[in-house]
Structures are given as structure tokens and as C-alpha cells.
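Everything below belongs to protein20.csv, which stores CSV, C-alpha atoms.
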chain,number,residue,atom,x,y,z
A,1,MET,CA,35.7,-98.5,-17.4
A,2,SER,CA,35.4,-95.0,-18.2
A,3,THR,CA,34.5,-92.3,-15.7
A,4,LYS,CA,31.1,-90.5,-16.2
A,5,ARG,CA,31.0,-86.8,-16.5
A,6,GLY,CA,28.3,-84.7,-15.1
A,7,ARG,CA,26.2,-82.5,-17.4
A,8,SER,CA,27.3,-78.9,-17.5
A,9,THR,CA,25.5,-75.8,-18.8
A,10,TYR,CA,28.8,-74.1,-19.7
A,11,ARG,CA,29.5,-73.8,-23.4
A,12,SER,CA,32.8,-73.0,-24.9
A,13,ALA,CA,33.3,-69.8,-26.8
A,14,LYS,CA,33.5,-71.7,-30.0
A,15,GLY,CA,30.1,-73.2,-29.4
A,16,ARG,CA,28.2,-69.9,-28.3
A,17,SER,CA,25.9,-68.3,-30.9
A,18,ARG,CA,26.7,-64.6,-31.7
A,19,TRP,CA,24.4,-62.5,-34.0
A,20,ARG,CA,27.3,-60.5,-35.5
A,21,ASP,CA,29.1,-63.7,-36.4
A,22,SER,CA,26.0,-64.8,-38.2
A,23,LEU,CA,25.9,-61.7,-40.4
A,24,SER,CA,27.7,-61.6,-43.7
A,25,SER,CA,30.2,-58.8,-44.4
A,26,SER,CA,27.7,-56.9,-46.6
A,27,GLN,CA,25.0,-57.0,-44.0
A,28,ARG,CA,27.4,-55.6,-41.4
A,29,VAL,CA,28.1,-52.7,-43.8
A,30,LEU,CA,24.4,-51.9,-44.1
A,31,VAL,CA,24.0,-51.9,-40.3
A,32,LEU,CA,26.9,-49.5,-39.9
A,33,VAL,CA,25.4,-47.2,-42.6
A,34,GLY,CA,22.0,-47.2,-40.9
A,35,LEU,CA,23.6,-46.3,-37.5
A,36,ALA,CA,25.5,-43.5,-39.1
A,37,LEU,CA,22.3,-42.1,-40.7
A,38,PHE,CA,20.4,-42.3,-37.5
A,39,LEU,CA,23.1,-40.3,-35.7
A,40,ILE,CA,23.2,-37.6,-38.4
A,41,VAL,CA,19.4,-37.2,-38.2
A,42,ASP,CA,19.5,-37.0,-34.4
A,43,VAL,CA,22.2,-34.3,-34.5
A,44,ILE,CA,20.1,-32.2,-37.0
A,45,LEU,CA,16.9,-32.5,-34.8
A,46,VAL,CA,18.8,-31.5,-31.7
A,47,GLY,CA,20.3,-28.4,-33.5
A,48,LEU,CA,16.8,-27.3,-34.6
A,49,ALA,CA,15.4,-27.6,-31.1
A,50,LEU,CA,18.3,-25.5,-29.7
A,51,SER,CA,17.9,-22.7,-32.3
A,52,ALA,CA,14.2,-22.4,-31.6
A,53,ASN,CA,14.9,-21.5,-28.0
A,54,GLN,CA,17.5,-18.8,-28.8
A,55,VAL,CA,16.9,-15.1,-28.2
A,56,PRO,CA,15.8,-13.4,-31.5
A,57,SER,CA,18.7,-11.8,-33.3
A,58,ALA,CA,18.8,-8.2,-34.4
A,59,GLU,CA,17.6,-9.2,-37.9
A,60,ARG,CA,14.4,-10.7,-36.5
A,61,THR,CA,11.4,-8.5,-35.6
A,62,PRO,CA,9.9,-9.8,-32.3
A,63,ARG,CA,6.2,-9.7,-31.9
A,64,PRO,CA,4.8,-7.0,-29.7
A,65,LEU,CA,3.8,-8.1,-26.2
A,66,VAL,CA,0.4,-7.2,-24.7
A,67,THR,CA,0.9,-5.5,-21.4
A,68,PHE,CA,-1.6,-4.2,-18.8
A,69,ASN,CA,-1.0,-1.0,-17.0
A,70,SER,CA,-3.3,0.6,-14.4
A,71,THR,CA,-1.9,4.1,-15.1
A,72,PRO,CA,-4.1,5.8,-17.7
A,73,GLN,CA,-2.3,6.5,-20.9
A,74,PRO,CA,-2.6,9.8,-22.8
A,75,ALA,CA,-5.1,9.9,-25.6
A,76,PRO,CA,-3.7,10.3,-29.1
A,77,ALA,CA,-3.7,13.9,-30.4
A,78,PRO,CA,-6.8,14.8,-32.4
A,79,VAL,CA,-6.6,15.0,-36.1
A,80,ALA,CA,-7.0,18.6,-37.4
A,81,SER,CA,-10.3,19.2,-39.1
A,82,ALA,CA,-10.3,20.5,-42.6
A,83,GLU,CA,-13.1,23.0,-41.7
A,84,PRO,CA,-12.4,25.4,-38.8
A,85,THR,CA,-15.0,25.8,-36.1
A,86,ALA,CA,-16.1,29.0,-34.5
A,87,GLU,CA,-14.8,29.6,-30.9
A,88,PRO,CA,-17.8,29.5,-28.5
A,89,ALA,CA,-18.6,32.2,-26.0
A,90,ALA,CA,-17.1,31.8,-22.6
A,91,ASP,CA,-20.3,30.5,-20.9
A,92,GLY,CA,-22.8,30.5,-23.8
A,93,LYS,CA,-24.9,33.3,-22.4
A,94,ARG,CA,-26.6,35.7,-24.8
A,95,PHE,CA,-28.7,38.8,-24.6
A,96,ILE,CA,-31.4,40.3,-26.9
A,97,THR,CA,-33.7,43.3,-26.4
A,98,THR,CA,-36.0,45.6,-28.4
A,99,ILE,CA,-38.5,48.4,-28.0
A,100,ASP,CA,-40.7,48.3,-31.0
A,101,GLY,CA,-39.8,45.0,-32.7
A,102,GLN,CA,-38.3,46.8,-35.7
A,103,THR,CA,-35.0,47.8,-34.1
A,104,LEU,CA,-33.3,45.0,-32.1
A,105,TRP,CA,-30.0,44.7,-30.3
A,106,ARG,CA,-28.3,41.5,-29.3
A,107,ALA,CA,-24.9,40.5,-27.7
A,108,THR,CA,-22.8,37.6,-26.9
A,109,ALA,CA,-21.5,37.4,-23.3
A,110,GLY,CA,-17.8,37.3,-24.2
A,111,ALA,CA,-15.0,37.0,-21.6
A,112,CYS,CA,-12.5,39.4,-20.1
A,113,ALA,CA,-9.4,37.3,-20.7
A,114,SER,CA,-10.3,35.7,-24.1
A,115,THR,CA,-13.0,36.4,-26.6
A,116,PRO,CA,-14.5,39.9,-26.3
A,117,ALA,CA,-18.3,40.4,-26.4
A,118,VAL,CA,-19.9,41.3,-29.7
A,119,VAL,CA,-22.9,43.8,-29.7
A,120,GLU,CA,-25.0,44.0,-32.9
A,121,ARG,CA,-28.1,46.0,-34.1
A,122,SER,CA,-30.8,45.2,-36.6
A,123,VAL,CA,-33.1,47.9,-38.0
A,124,ASP,CA,-35.1,45.5,-40.2
A,125,ALA,CA,-36.7,43.3,-37.5
A,126,GLY,CA,-33.7,40.9,-37.3
A,127,THR,CA,-33.1,40.2,-41.0
A,128,THR,CA,-29.6,41.7,-41.1
A,129,TRP,CA,-27.3,42.7,-38.3
A,130,THR,CA,-24.5,45.3,-37.9
A,131,PRO,CA,-21.8,45.2,-35.2
A,132,LEU,CA,-21.6,48.2,-32.9
A,133,ALA,CA,-18.4,49.9,-32.0
A,134,THR,CA,-17.7,49.3,-28.3
A,135,ASN,CA,-14.0,49.6,-28.4
A,136,ALA,CA,-14.3,53.2,-27.1
A,137,PHE,CA,-14.8,51.8,-23.6
A,138,ASP,CA,-12.9,48.5,-24.3
A,139,LEU,CA,-15.9,46.3,-23.6
A,140,ARG,CA,-14.8,42.7,-22.9
A,141,GLN,CA,-17.9,41.0,-21.3
A,142,VAL,CA,-21.6,41.9,-21.4
A,143,LEU,CA,-23.4,41.3,-18.1
A,144,THR,CA,-26.7,42.9,-19.0
A,145,LEU,CA,-28.2,44.3,-22.2
A,146,THR,CA,-31.5,46.2,-21.9
A,147,THR,CA,-33.4,49.3,-22.9
A,148,GLY,CA,-34.4,52.2,-20.6
A,149,GLU,CA,-37.8,53.8,-20.1
A,150,GLU,CA,-36.9,56.5,-22.7
A,151,GLY,CA,-35.7,54.2,-25.3
A,152,GLU,CA,-32.0,54.4,-24.6
A,153,LEU,CA,-29.8,51.3,-25.0
A,154,GLU,CA,-28.1,50.2,-21.8
A,155,ILE,CA,-25.2,47.9,-21.1
A,156,ILE,CA,-23.6,46.7,-17.9
A,157,GLY,CA,-20.3,45.2,-18.8
A,158,ALA,CA,-16.7,44.4,-17.8
A,159,THR,CA,-14.1,46.5,-19.4
A,160,GLY,CA,-10.3,46.5,-19.9
A,161,ASP,CA,-7.7,44.1,-18.6
A,162,ALA,CA,-8.8,44.7,-15.1
A,163,CYS,CA,-12.4,43.5,-16.0
A,164,ALA,CA,-13.9,46.5,-14.2
A,165,VAL,CA,-17.7,46.5,-14.1
A,166,GLY,CA,-19.4,49.7,-15.3
A,167,GLY,CA,-22.6,50.9,-16.9
A,168,PHE,CA,-22.9,52.5,-20.3
A,169,SER,CA,-25.8,54.0,-22.2
A,170,SER,CA,-26.6,55.2,-25.7
A,171,THR,CA,-29.3,57.6,-26.9
A,172,ASP,CA,-28.6,57.0,-30.6
A,173,ALA,CA,-29.3,53.3,-30.8
A,174,GLY,CA,-25.7,52.3,-30.1
A,175,ASP,CA,-23.7,54.6,-32.4
A,176,THR,CA,-22.1,56.5,-29.4
A,177,TRP,CA,-21.9,55.6,-25.8
A,178,ALA,CA,-21.5,57.5,-22.5
A,179,PRO,CA,-20.7,56.2,-19.0
A,180,ASP,CA,-23.7,55.6,-16.8
A,181,ALA,CA,-22.5,55.2,-13.2
A,182,ALA,CA,-26.0,54.8,-11.8
A,183,LEU,CA,-26.9,51.8,-14.0
A,184,PRO,CA,-25.2,49.0,-12.0
A,185,GLY,CA,-27.1,50.1,-9.0
A,186,GLU,CA,-30.5,50.0,-10.8
A,187,VAL,CA,-30.4,46.9,-13.0
A,188,GLY,CA,-29.5,43.4,-11.9
A,189,TYR,CA,-26.6,41.4,-13.4
A,190,GLU,CA,-24.4,38.4,-12.8
A,191,THR,CA,-20.8,39.1,-11.8
A,192,PRO,CA,-18.1,38.4,-14.4
A,193,ASP,CA,-16.9,35.3,-12.5
A,194,GLY,CA,-20.5,33.9,-12.2
A,195,THR,CA,-20.3,33.6,-8.4
A,196,SER,CA,-23.1,36.0,-7.4
A,197,ILE,CA,-25.8,38.2,-8.7
A,198,VAL,CA,-26.0,41.9,-8.0
A,199,VAL,CA,-29.5,43.4,-7.4
A,200,ALA,CA,-29.9,47.1,-6.6
A,201,GLY,CA,-26.1,47.4,-6.3
A,202,GLN,CA,-25.8,44.7,-3.7
A,203,GLY,CA,-24.5,41.1,-4.2
A,204,VAL,CA,-27.2,38.6,-3.2
A,205,GLY,CA,-25.6,35.3,-4.0
A,206,LEU,CA,-26.9,32.7,-6.4
A,207,PRO,CA,-30.2,30.8,-6.1
A,208,CYS,CA,-28.4,27.6,-7.2
A,209,PRO,CA,-24.8,26.4,-7.9
A,210,ALA,CA,-24.8,27.8,-11.4
A,211,VAL,CA,-27.2,30.2,-13.2
A,212,GLU,CA,-27.9,29.2,-16.8
A,213,VAL,CA,-30.3,32.0,-17.9
A,214,ILE,CA,-31.0,35.4,-16.4
A,215,SER,CA,-33.4,38.2,-17.2
A,216,ALA,CA,-32.7,41.5,-15.3
A,217,ARG,CA,-34.5,44.8,-15.5
A,218,THR,CA,-34.9,47.7,-13.2
A,219,ASP,CA,-38.1,46.2,-11.7
A,220,ARG,CA,-37.5,42.5,-11.8
A,221,THR,CA,-34.7,39.9,-11.7
A,222,VAL,CA,-35.5,36.3,-12.6
A,223,ALA,CA,-32.9,33.5,-13.0
A,224,ALA,CA,-33.1,29.9,-14.2
A,225,CYS,CA,-30.8,27.0,-13.2
A,226,ALA,CA,-30.7,23.4,-14.3
A,227,ALA,CA,-33.7,22.4,-12.2
A,228,VAL,CA,-34.9,25.6,-10.5
A,229,MET,CA,-36.4,28.9,-11.5
A,230,ALA,CA,-36.0,31.8,-9.0
A,231,GLU,CA,-37.0,35.5,-8.6
A,232,TRP,CA,-35.4,37.9,-6.3
A,233,ASP,CA,-37.9,39.2,-3.7
A,234,PRO,CA,-36.7,42.6,-2.5
A,235,ALA,CA,-39.2,42.7,0.4
A,236,ALA,CA,-38.0,39.4,1.8
A,237,GLY,CA,-34.4,40.0,0.8
A,238,ALA,CA,-34.2,36.4,-0.6
A,239,TRP,CA,-34.8,34.3,-3.6
A,240,SER,CA,-38.2,32.8,-4.2
A,241,THR,CA,-37.6,29.5,-6.0
A,242,THR,CA,-39.7,26.7,-7.6
A,243,PRO,CA,-38.6,23.5,-9.2
A,244,TYR,CA,-38.5,23.6,-13.0
A,245,ALA,CA,-36.0,21.9,-15.3
A,246,GLY,CA,-35.1,22.7,-18.9
A,247,VAL,CA,-35.5,26.5,-19.1
A,248,HIS,CA,-33.6,27.7,-22.2
A,249,GLY,CA,-34.5,31.3,-22.3
A,250,LEU,CA,-36.7,33.8,-20.4
A,251,ALA,CA,-37.9,37.3,-20.5
A,252,THR,CA,-40.2,39.6,-18.4
A,253,GLU,CA,-42.4,42.6,-19.1
A,254,GLY,CA,-44.2,43.9,-16.1
A,255,ASP,CA,-46.0,41.0,-14.4
A,256,ARG,CA,-45.7,38.8,-17.5
A,257,LEU,CA,-43.1,36.1,-17.6
A,258,MET,CA,-42.4,34.1,-20.8
A,259,PHE,CA,-39.9,31.3,-21.1
A,260,VAL,CA,-38.9,28.6,-23.5
A,261,ALA,CA,-38.0,25.2,-22.3
A,262,ARG,CA,-36.6,21.9,-23.5
A,263,GLY,CA,-38.5,18.6,-23.3
A,264,VAL,CA,-42.0,20.0,-23.2
A,265,PRO,CA,-44.5,17.3,-24.0
A,266,GLY,CA,-46.1,17.7,-27.4
A,267,CYS,CA,-43.4,20.0,-28.8
A,268,ASN,CA,-40.6,18.9,-31.1
A,269,GLY,CA,-38.3,21.8,-30.4
A,270,LEU,CA,-38.6,24.5,-27.7
A,271,GLY,CA,-41.9,25.0,-26.0
A,272,ALA,CA,-43.1,28.6,-25.2
A,273,LEU,CA,-44.9,29.0,-21.9
A,274,ALA,CA,-46.2,32.2,-20.2
A,275,ILE,CA,-47.6,33.2,-16.9
A,276,ASN,CA,-48.5,36.4,-15.0
A,277,GLY,CA,-47.0,36.6,-11.6
A,278,VAL,CA,-44.1,35.0,-9.8
A,279,PRO,CA,-42.2,31.9,-10.9
A,280,ALA,CA,-44.0,29.8,-8.2
A,281,ALA,CA,-46.7,29.2,-10.8
A,282,VAL,CA,-44.4,27.9,-13.5
A,283,SER,CA,-45.3,24.3,-12.7
A,284,SER,CA,-48.8,25.0,-14.1
A,285,ALA,CA,-47.7,27.4,-16.8
A,286,PRO,CA,-49.7,26.7,-20.0
A,287,LEU,CA,-47.9,25.9,-23.3
A,288,VAL,CA,-48.8,28.8,-25.6
A,289,GLY,CA,-46.8,27.7,-28.6
A,290,CYS,CA,-44.0,25.6,-30.0
A,291,ILE,CA,-40.8,26.7,-31.8
A,292,GLU,CA,-40.5,23.6,-34.1
A,293,GLY,CA,-37.0,22.5,-34.8
A,294,ALA,CA,-35.3,25.0,-32.5
A,295,ASP,CA,-32.0,23.7,-31.2
A,296,GLY,CA,-32.3,23.1,-27.5
A,297,SER,CA,-28.6,22.6,-27.2
A,298,ALA,CA,-27.5,26.0,-28.6
A,299,PRO,CA,-27.2,29.2,-26.6
A,300,ALA,CA,-30.4,31.2,-26.6
A,301,ALA,CA,-31.9,34.6,-25.6
A,302,LEU,CA,-35.5,35.7,-25.5
A,303,THR,CA,-37.1,39.1,-25.4
A,304,ILE,CA,-40.8,40.2,-25.4
A,305,ALA,CA,-42.6,43.5,-26.1
A,306,GLY,CA,-46.4,43.6,-26.0
A,307,GLN,CA,-47.6,40.6,-28.1
A,308,GLY,CA,-44.3,40.3,-29.8
A,309,ALA,CA,-41.6,37.8,-28.9
A,310,TRP,CA,-38.1,37.2,-30.4
A,311,LEU,CA,-36.0,34.1,-29.7
A,312,TRP,CA,-32.3,34.1,-30.7
A,313,VAL,CA,-31.1,30.5,-30.6
A,314,GLY,CA,-28.0,29.2,-32.4
A,315,ASP,CA,-27.7,31.1,-35.7
A,316,ARG,CA,-31.5,31.6,-36.1
A,317,LEU,CA,-33.9,34.3,-34.9
A,318,TYR,CA,-37.5,33.2,-34.4
A,319,ARG,CA,-40.4,35.8,-34.2
A,320,SER,CA,-43.9,35.7,-32.8
A,321,ALA,CA,-46.5,38.4,-33.2
A,322,ASP,CA,-49.2,36.7,-31.2
A,323,GLY,CA,-47.8,36.3,-27.8
A,324,GLY,CA,-45.8,33.1,-28.6
A,325,ALA,CA,-48.6,31.1,-30.2
A,326,THR,CA,-47.0,30.9,-33.6
A,327,TRP,CA,-43.4,31.4,-34.6
A,328,SER,CA,-41.6,32.1,-37.9

Show me this structure written as C-alpha cells.
Amino acid sequence: MSTKRGRSTYRSAKGRSRWRDSLSSSQRVLVLVGLALFLIVDVILVGLALSANQVPSAERTPRPLVTFNSTPQPAPAPVASAEPTAEPAADGKRFITTIDGQTLWRATAGACASTPAVVERSVDAGTTWTPLATNAFDLRQVLTLTTGEEGELEIIGATGDACAVGGFSSTDAGDTWAPDAALPGEVGYETPDGTSIVVAGQGVGLPCPAVEVISARTDRTVAACAAVMAEWDPAAGAWSTTPYAGVHGLATEGDRLMFVARGVPGCNGLGALAINGVPAAVSSAPLVGCIEGADGSAPAALTIAGQGAWLWVGDRLYRSADGGATWS
């Protein structure tokens, strides 16, 4: 009688199924080749990934980085213009005066330390101009240009390196000059530094932070600022002011005050307005004429004599023979 054996799950090595044992020799070669190719490709991919993260070499040009800096950077230097531009006057102020409308004088303000003033004369009503010799007294800056009661030409100006203020007059229309020590005590003028106005030889201060236009004669001193027109009242010892903006030039003759202004309704240019009396009435001053096309941004100077008026603005001279109604 034979002994029964229990069932066992153990299998001998000979009996276990192995996949590599089931492959033929050629199939095993193909598997090994595939594994080798996979390893080669993997090595190449890893190498590319590492090179992409490396710091750029000297032969590579890195891209510029955008940075933000709160400190303002200097602006690039301007490119030189092919056409030179004229150097402007120190403060843009100008002066013009006449007696009969045939002979006129005009001057740029100039400056003591930079561009000297230029004084010119016209004997053909402003068609042509000739510079006057003022080097005899080393004129640097014109503070007032006017004509006296006897027809003499008068200048209050700053002279020499010291910028000394003095008066000078000419009885031959500007060909020769003589010192006039009394003139600065008779005619008003703005000081060279623009910090005060001198009336009757005394500094009276400014009616506003900065005077843009001034008309000074022996009997009257009127100034205009950005938004105020003012006249010195010698009896009160103070400025009489009234609000008015845009005055570009003004002139007085006796009680008559004429001025040209920017932004006047109904005028494409500079409007000419006139009143008799003190500037307190300028708010209701009537528009008597319009200087069409006149440059309201260029320096200007105005003078009047009788019914004649002359406006020098920019590089043009406008004339009126009818009290400012029409201009040519």
C-alpha cells in the first residue's frame, strides 16, 4: 500500500516558467540592442537639459534685462541743429519810442553778464534800421528808452562789468551821447535784477512777483504782470492795481493808455485796447482794433504819438495811423 502525498504548491526550478528562457537567441539580441539605444537617447536628453541651464559663455550675447530705477536718469544729449538759432534777450523785454512817427528808436533789453543790448534807429518810419554806437559808455542793459520834451533821446541803462545804472541822452538822434545824471531820478525804470522799480529816484518794489511789461515816462509809470495791471500813485505812495491778464505791450501819452493783449475775444492775434485814465478801468476797455496774425508769444514793445501807434513784436513792426483801429 503506497503512502499518499499531500498536494504542494512548490515547483521545482526545472518546472518554473521563465520569460528569458522562452526567448530565442536572436530575440535576446534584439532586446539588448533596444536597451542600449534607450540608454543612449536618455544620456543625450540629459546632456541637453544640463547645457540649457549653464551660464552663457563669452561667445553668447545675453539679452538685456529690463530694470526699474526710481532715480531719474539723465536725458540724452540733444542733436545739434543744422540751422543756428538766435540767442534770445535775457528777459525778452523790448523798448520802442518816437516823436513824429518818421524817426523811431528801438532797443532790446540785453543783460550785463551776457548779451549786450542793441539800440537801433529808423528814419523811414521803420522800414530799415541802423544800429547806434553805444560802446562809448559800454552799455550792457537798457532799462528805459524814451524821448524828452525837447526831442532828445534818453536811455537809462546798466553799463560796464559792474552793471552800474546811469542816464544818457542824445540831442542828435543817437549819433553822440552825454551822461545825464538827473535822468534816473526823473524817469521810472526796473532795476537790472528785476527785483524792484525805481520811481522818482526811489525804489518802490514790484506790484507783483514779476513784471512782464513796463511803460515809464517822467509823468507816469505803468506796469503789467501775468494777471495784473498797475500804475504807481505818487500821492498815495503805492501801486494802484486791477486784475487783467494777457497784456503783451503798453504805452502812455498823457491820460491816454493803449495796450495790446492776448486772448481778446473776436481777435485772431493781438487786440488793441485804449482808455483814458488809470488802469482801474481796463476791465471795461473797448477793443479799438486787432493786429491780425501778430505773434502773442514773441517779445513786444508799443509806442504811441497822437493818433499814431507802432507795435514791434517778433521780427515785425506794425503801424496804425488811426488810433489803433487798423494796422499794417

Between A:Gly296, A:Gly323, A:Gly289, A:Pro243, which is the closest to A:Gly269 once you count all atoms listed in the file?
A:Gly296

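Going from atom CA of A:Gln102 over to atom CA of A:Glu152, you cover 14.9 Å.
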
What is the distance between atom CA of A:Ala281 and atom CA of A:Ala226, in Å to one decimal?
17.4 Å

Mind giving me the straight-line distance from atom CA of A:Asp315 to atom CA of A:Thr128 in Å, one decimal?
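According to the coordinates, atom CA of A:Asp315 and atom CA of A:Thr128 are separated by 12.0 Å.
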
Proximity to A:Tyr244 - best of A:Gly266, A:Gly160, A:Pro279, A:Pro209, only C-alpha atoms:
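Nearest to A:Tyr244: A:Pro279.
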
Nearest residue to A:Gly148 from the set A:Thr97, A:Ser215, A:Asn276, A:Asn135 (distances using only C-alpha atoms):
A:Thr97

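For the set A:Ala223, A:Leu302, A:Ala236, A:Ala274, the residue with the smallest atom-to-atom gap to A:Gly249 is A:Leu302, counting only C-alpha atoms.
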
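Take the candidates A:Gly246, A:Gly201, A:Gly277, A:Gly151 and check each one against A:Glu231 using all atoms listed in the file; the shortest distance goes to A:Gly277.
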